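model.csv (CSV, C-alpha atoms)
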chain,number,residue,atom,x,y,z
O,1,MET,CA,168.7,110.0,159.6
O,2,ASN,CA,169.1,111.8,162.9
O,3,LYS,CA,167.8,115.5,163.1
O,4,TRP,CA,171.1,116.7,164.4
O,5,LEU,CA,172.9,115.2,161.4
O,6,LYS,CA,170.5,116.7,158.9
O,7,PHE,CA,171.2,120.2,160.4
O,8,SER,CA,174.9,119.8,160.9
O,9,ILE,CA,175.9,118.7,157.4
O,10,PRO,CA,174.6,121.8,155.7
O,11,MET,CA,176.1,124.0,158.4
O,12,LEU,CA,179.5,122.3,158.0
O,13,LEU,CA,179.3,122.9,154.2
O,14,ILE,CA,178.5,126.6,154.7
O,15,LEU,CA,181.3,127.0,157.3
O,16,GLY,CA,183.7,125.2,155.0
O,17,LEU,CA,182.8,127.6,152.1
O,18,MET,CA,183.2,130.6,154.3
O,19,LEU,CA,186.7,129.4,155.5
O,20,THR,CA,187.7,128.6,151.9
O,21,SER,CA,186.7,132.1,150.8
O,22,ALA,CA,188.5,133.7,153.7
O,23,CYS,CA,191.7,131.7,153.0
O,24,ALA,CA,191.5,132.6,149.3
O,25,LYS,CA,191.3,136.3,150.2
O,26,ALA,CA,194.2,136.0,152.6
O,27,VAL,CA,196.6,134.7,150.0
O,28,ARG,CA,195.8,137.2,147.3
O,29,PRO,CA,198.7,139.6,146.5
O,30,PRO,CA,198.2,143.1,147.8
O,31,MET,CA,197.1,145.8,145.3
O,32,PRO,CA,199.9,148.0,144.1
O,33,ALA,CA,200.0,151.5,145.7
O,34,PRO,CA,198.4,154.1,143.5
O,35,SER,CA,200.8,156.1,141.4
O,36,PRO,CA,201.3,159.7,142.2
O,37,ASN,CA,199.3,162.3,140.3
O,38,LEU,CA,201.4,162.8,137.2
O,39,ALA,CA,200.9,165.9,135.1
O,40,ILE,CA,201.8,165.5,131.5
O,41,MET,CA,201.1,167.9,128.6
O,42,VAL,CA,202.3,169.0,125.2
O,43,GLU,CA,203.4,172.7,125.0
O,44,SER,CA,201.3,173.1,121.9
O,45,ASP,CA,198.9,170.6,120.3
O,46,ILE,CA,199.3,172.1,116.8
O,47,ILE,CA,202.8,171.4,115.4
O,48,GLU,CA,204.3,172.2,112.0
O,49,ALA,CA,205.9,169.3,110.1
O,50,GLY,CA,209.7,169.6,110.2
O,51,SER,CA,209.6,171.3,113.7
O,52,SER,CA,209.7,169.9,117.2
O,53,PHE,CA,207.5,170.0,120.3
O,54,THR,CA,208.1,169.6,124.0
O,55,VAL,CA,206.3,167.3,126.4
O,56,SER,CA,206.2,168.7,130.0
O,57,GLY,CA,205.6,166.5,133.0
O,58,SER,CA,205.8,166.7,136.7
O,59,ASN,CA,205.4,164.5,139.8
O,60,PHE,CA,207.7,161.7,138.6
O,61,LYS,CA,210.1,160.0,140.9
O,62,PRO,CA,213.6,161.6,140.5
O,63,GLY,CA,215.5,159.5,138.0
O,64,GLN,CA,212.4,157.7,136.8
O,65,LYS,CA,212.8,156.5,133.2
O,66,VAL,CA,210.1,157.9,130.8
O,67,TRP,CA,209.6,157.0,127.2
O,68,GLY,CA,207.8,158.9,124.5
O,69,ARG,CA,206.5,157.4,121.2
O,70,PHE,CA,205.2,159.2,118.2
O,71,GLU,CA,204.1,157.3,115.0
O,72,TYR,CA,203.5,159.2,111.9
O,73,ARG,CA,202.5,158.8,108.2
O,74,ALA,CA,205.1,160.0,105.8
O,75,SER,CA,204.4,161.6,102.4
O,76,ASP,CA,205.6,158.4,100.6
O,77,ARG,CA,202.8,156.5,102.4
O,78,SER,CA,205.2,154.7,104.7
O,79,VAL,CA,204.7,154.7,108.5
O,80,GLY,CA,207.5,156.0,110.7
O,81,GLY,CA,208.1,156.3,114.4
O,82,VAL,CA,210.1,158.4,116.8
O,83,LEU,CA,211.0,156.8,120.2
O,84,VAL,CA,212.6,159.0,122.8
O,85,TYR,CA,213.8,158.3,126.3
O,86,TRP,CA,214.6,160.5,129.2
O,87,GLU,CA,214.9,160.5,133.0
O,88,ALA,CA,213.0,162.8,135.4
O,89,ASN,CA,215.3,165.3,137.1
O,90,ASP,CA,215.8,165.7,140.8
O,91,ASN,CA,212.5,167.6,141.1
O,92,GLY,CA,210.6,164.9,139.2
O,93,LEU,CA,210.2,167.0,136.1
O,94,ILE,CA,210.6,166.1,132.4
O,95,TYR,CA,211.0,168.4,129.4
O,96,PRO,CA,211.8,166.2,126.4
O,97,THR,CA,211.8,167.5,122.8
O,98,ILE,CA,210.4,165.3,120.0
O,99,GLU,CA,211.3,166.1,116.4
O,100,VAL,CA,208.6,165.8,113.8
O,101,PRO,CA,210.0,164.7,110.4
O,102,GLU,CA,209.5,167.2,107.5
O,103,ASP,CA,207.7,164.6,105.4
O,104,THR,CA,205.0,163.9,108.0
O,105,VAL,CA,201.5,164.0,106.4
O,106,PRO,CA,199.3,166.7,108.1
O,107,GLY,CA,196.7,165.2,110.4
O,108,ASP,CA,195.8,164.1,113.9
O,109,TYR,CA,198.3,162.0,115.8
O,110,GLU,CA,199.0,160.8,119.3
O,111,VAL,CA,202.1,160.9,121.5
O,112,GLU,CA,202.2,157.9,123.9
O,113,ILE,CA,204.0,158.3,127.2
O,114,TYR,CA,205.4,155.3,129.1
O,115,ILE,CA,207.3,154.6,132.2
O,116,GLY,CA,209.6,151.6,132.8
O,117,LYS,CA,213.2,150.7,133.3
O,118,HIS,CA,213.6,149.0,129.9
O,119,LEU,CA,211.8,149.2,126.5
O,120,ASP,CA,210.4,145.7,127.1
O,121,ASP,CA,208.7,146.4,130.5
O,122,ARG,CA,207.3,149.9,129.9
O,123,GLU,CA,203.7,150.8,130.9
O,124,LEU,CA,201.5,153.3,129.0
O,125,ILE,CA,200.5,156.1,131.3
O,126,ALA,CA,199.2,158.8,128.9
O,127,THR,CA,198.2,159.4,125.4
O,128,LEU,CA,198.4,163.0,124.2
O,129,PRO,CA,196.6,164.2,121.1
O,130,ILE,CA,198.5,166.5,118.7
O,131,HIS,CA,197.8,167.9,115.2
O,132,ILE,CA,200.5,168.2,112.6
O,133,GLN,CA,200.0,170.9,110.0
O,134,ALA,CA,201.8,171.4,106.7
O,135,LYS,CA,205.1,173.2,106.8
O,136,ALA,CA,204.6,176.9,106.0
O,137,LYS,CA,206.1,177.9,102.6

Would you write out, as structure tokens, the structure that this file holds?
Amino acid sequence: MNKWLKFSIPMLLILGLMLTSACAKAVRPPMPAPSPNLAIMVESDIIEAGSSFTVSGSNFKPGQKVWGRFEYRASDRSVGGVLVYWEANDNGLIYPTIEVPEDTVPGDYEVEIYIGKHLDDRELIATLPIHIQAKAK
């Protein structure tokens, strides 16, 4: 075999791999733009059963649909859930109130915050810890 041929075949293979890699990178979809810095918090992380709490959030897009989900254990050992929906105001703020059922068993829980146009396409953006305490007598 010719010396030139021995050298050119590996070089062609390397060049082909480089071109294939470059083409594969070129057709990849662009990464989504990073979401703005959302600020989300619960007004109080200790809540009494039978009362309500407010979730505050800022830096949403005006009109953006936001969902909140709170699952709880009831005194009869069943599991319940509260799902709320709201839209950010013109300033990108949210202030929804979530009701805690009276029969909620005291303990540590989480409130999940989602964004999305519909219930089916929502994306989890935050999980907020809360503690439910027994209703005062």

## Note on the structure
Min atom-atom distance to Glu102 of chain O from the set O:Val84, O:His118, O:Phe60, O:Gln133, counting all atoms listed in the file, belongs to O:Gln133

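Taking atom CA of Val82 of chain O as the reference point, atom CA of Leu119 of chain O is found at 13.5 Å.
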
#### Entry: Long-range neighbours of segment 67-71 of chain O as a PyMOL selection string, 9 Å cut-off, all atoms listed in the file, 3 positions minimum in chain
chain O and resi 55+79-87+96+98+100+109-116+119+122

### Task
Would you kindly return, as a list in words, each protein, DNA or RNA residue with an atom no farther than 9 Å from any atom of Ile132 of chain O, considering all atoms listed in the file and excluding same-chain residues fewer than 3 positions away?
Asp45, Ile46, Ile47, Glu48, Ala49, Val100, Thr104, Val105, Pro106, Gly107, Asp108, Tyr109 and Lys135 of chain O

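The gap separating atom CA of Asn89 of chain O from atom CA of Glu43 of chain O is 18.5 Å, in Å to one decimal.
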
Keeping just N, CA and C atoms, export segment 80-104 of chain O of this structure as a tab-separated table (two decimals), in the first residue's frame.
chain	number	residue	atom	x	y	z
O	80	GLY	N	-56.07	14.46	51.22
O	80	GLY	CA	-56.81	15.45	50.46
O	80	GLY	C	-55.86	16.38	49.74
O	81	GLY	N	-56.42	17.21	48.92
O	81	GLY	CA	-55.58	18.16	48.20
O	81	GLY	C	-56.33	19.42	47.87
O	82	VAL	N	-55.60	20.51	47.84
O	82	VAL	CA	-56.15	21.80	47.45
O	82	VAL	C	-55.33	22.27	46.26
O	83	LEU	N	-56.02	22.60	45.16
O	83	LEU	CA	-55.37	23.11	43.96
O	83	LEU	C	-55.94	24.48	43.68
O	84	VAL	N	-55.09	25.48	43.60
O	84	VAL	CA	-55.54	26.85	43.32
O	84	VAL	C	-54.84	27.35	42.06
O	85	TYR	N	-55.49	28.30	41.41
O	85	TYR	CA	-54.98	28.87	40.17
O	85	TYR	C	-55.16	30.38	40.24
O	86	TRP	N	-54.19	31.10	39.73
O	86	TRP	CA	-54.30	32.55	39.67
O	86	TRP	C	-53.40	33.05	38.56
O	87	GLU	N	-53.57	34.33	38.21
O	87	GLU	CA	-52.73	34.96	37.19
O	87	GLU	C	-51.98	36.13	37.81
O	88	ALA	N	-50.73	36.30	37.39
O	88	ALA	CA	-49.94	37.43	37.88
O	88	ALA	C	-50.58	38.74	37.42
O	89	ASN	N	-50.53	39.74	38.29
O	89	ASN	CA	-51.12	41.03	37.93
O	89	ASN	C	-50.21	41.79	36.94
O	90	ASP	N	-50.58	43.01	36.62
O	90	ASP	CA	-49.82	43.80	35.63
O	90	ASP	C	-48.39	44.08	36.05
O	91	ASN	N	-48.12	43.98	37.35
O	91	ASN	CA	-46.76	44.20	37.87
O	91	ASN	C	-45.99	42.90	38.06
O	92	GLY	N	-46.60	41.76	37.65
O	92	GLY	CA	-45.94	40.47	37.79
O	92	GLY	C	-46.00	39.90	39.20
O	93	LEU	N	-46.97	40.35	39.99
O	93	LEU	CA	-47.10	39.90	41.39
O	93	LEU	C	-48.25	38.92	41.55
O	94	ILE	N	-48.11	38.01	42.52
O	94	ILE	CA	-49.19	37.11	42.89
O	94	ILE	C	-49.36	37.15	44.41
O	95	TYR	N	-50.61	37.00	44.86
O	95	TYR	CA	-50.92	36.96	46.29
O	95	TYR	C	-52.08	36.01	46.56
O	96	PRO	N	-52.00	34.77	46.17
O	96	PRO	CA	-53.12	33.86	46.38
O	96	PRO	C	-53.23	33.41	47.84
O	97	THR	N	-54.44	33.13	48.24
O	97	THR	CA	-54.70	32.60	49.58
O	97	THR	C	-55.13	31.14	49.44
O	98	ILE	N	-54.56	30.28	50.26
O	98	ILE	CA	-54.87	28.85	50.24
O	98	ILE	C	-55.48	28.47	51.58
O	99	GLU	N	-56.65	27.84	51.53
O	99	GLU	CA	-57.37	27.41	52.72
O	99	GLU	C	-56.83	26.06	53.20
O	100	VAL	N	-56.61	25.94	54.50
O	100	VAL	CA	-56.20	24.68	55.11
O	100	VAL	C	-57.43	24.08	55.79
O	101	PRO	N	-57.86	22.91	55.36
O	101	PRO	CA	-59.05	22.31	55.98
O	101	PRO	C	-58.88	22.11	57.48
O	102	GLU	N	-59.98	22.21	58.20
O	102	GLU	CA	-59.97	22.12	59.66
O	102	GLU	C	-59.50	20.75	60.15
O	103	ASP	N	-59.75	19.70	59.37
O	103	ASP	CA	-59.40	18.34	59.82
O	103	ASP	C	-57.99	17.92	59.39
O	104	THR	N	-57.14	18.88	58.99
O	104	THR	CA	-55.77	18.57	58.59
O	104	THR	C	-54.97	18.12	59.81
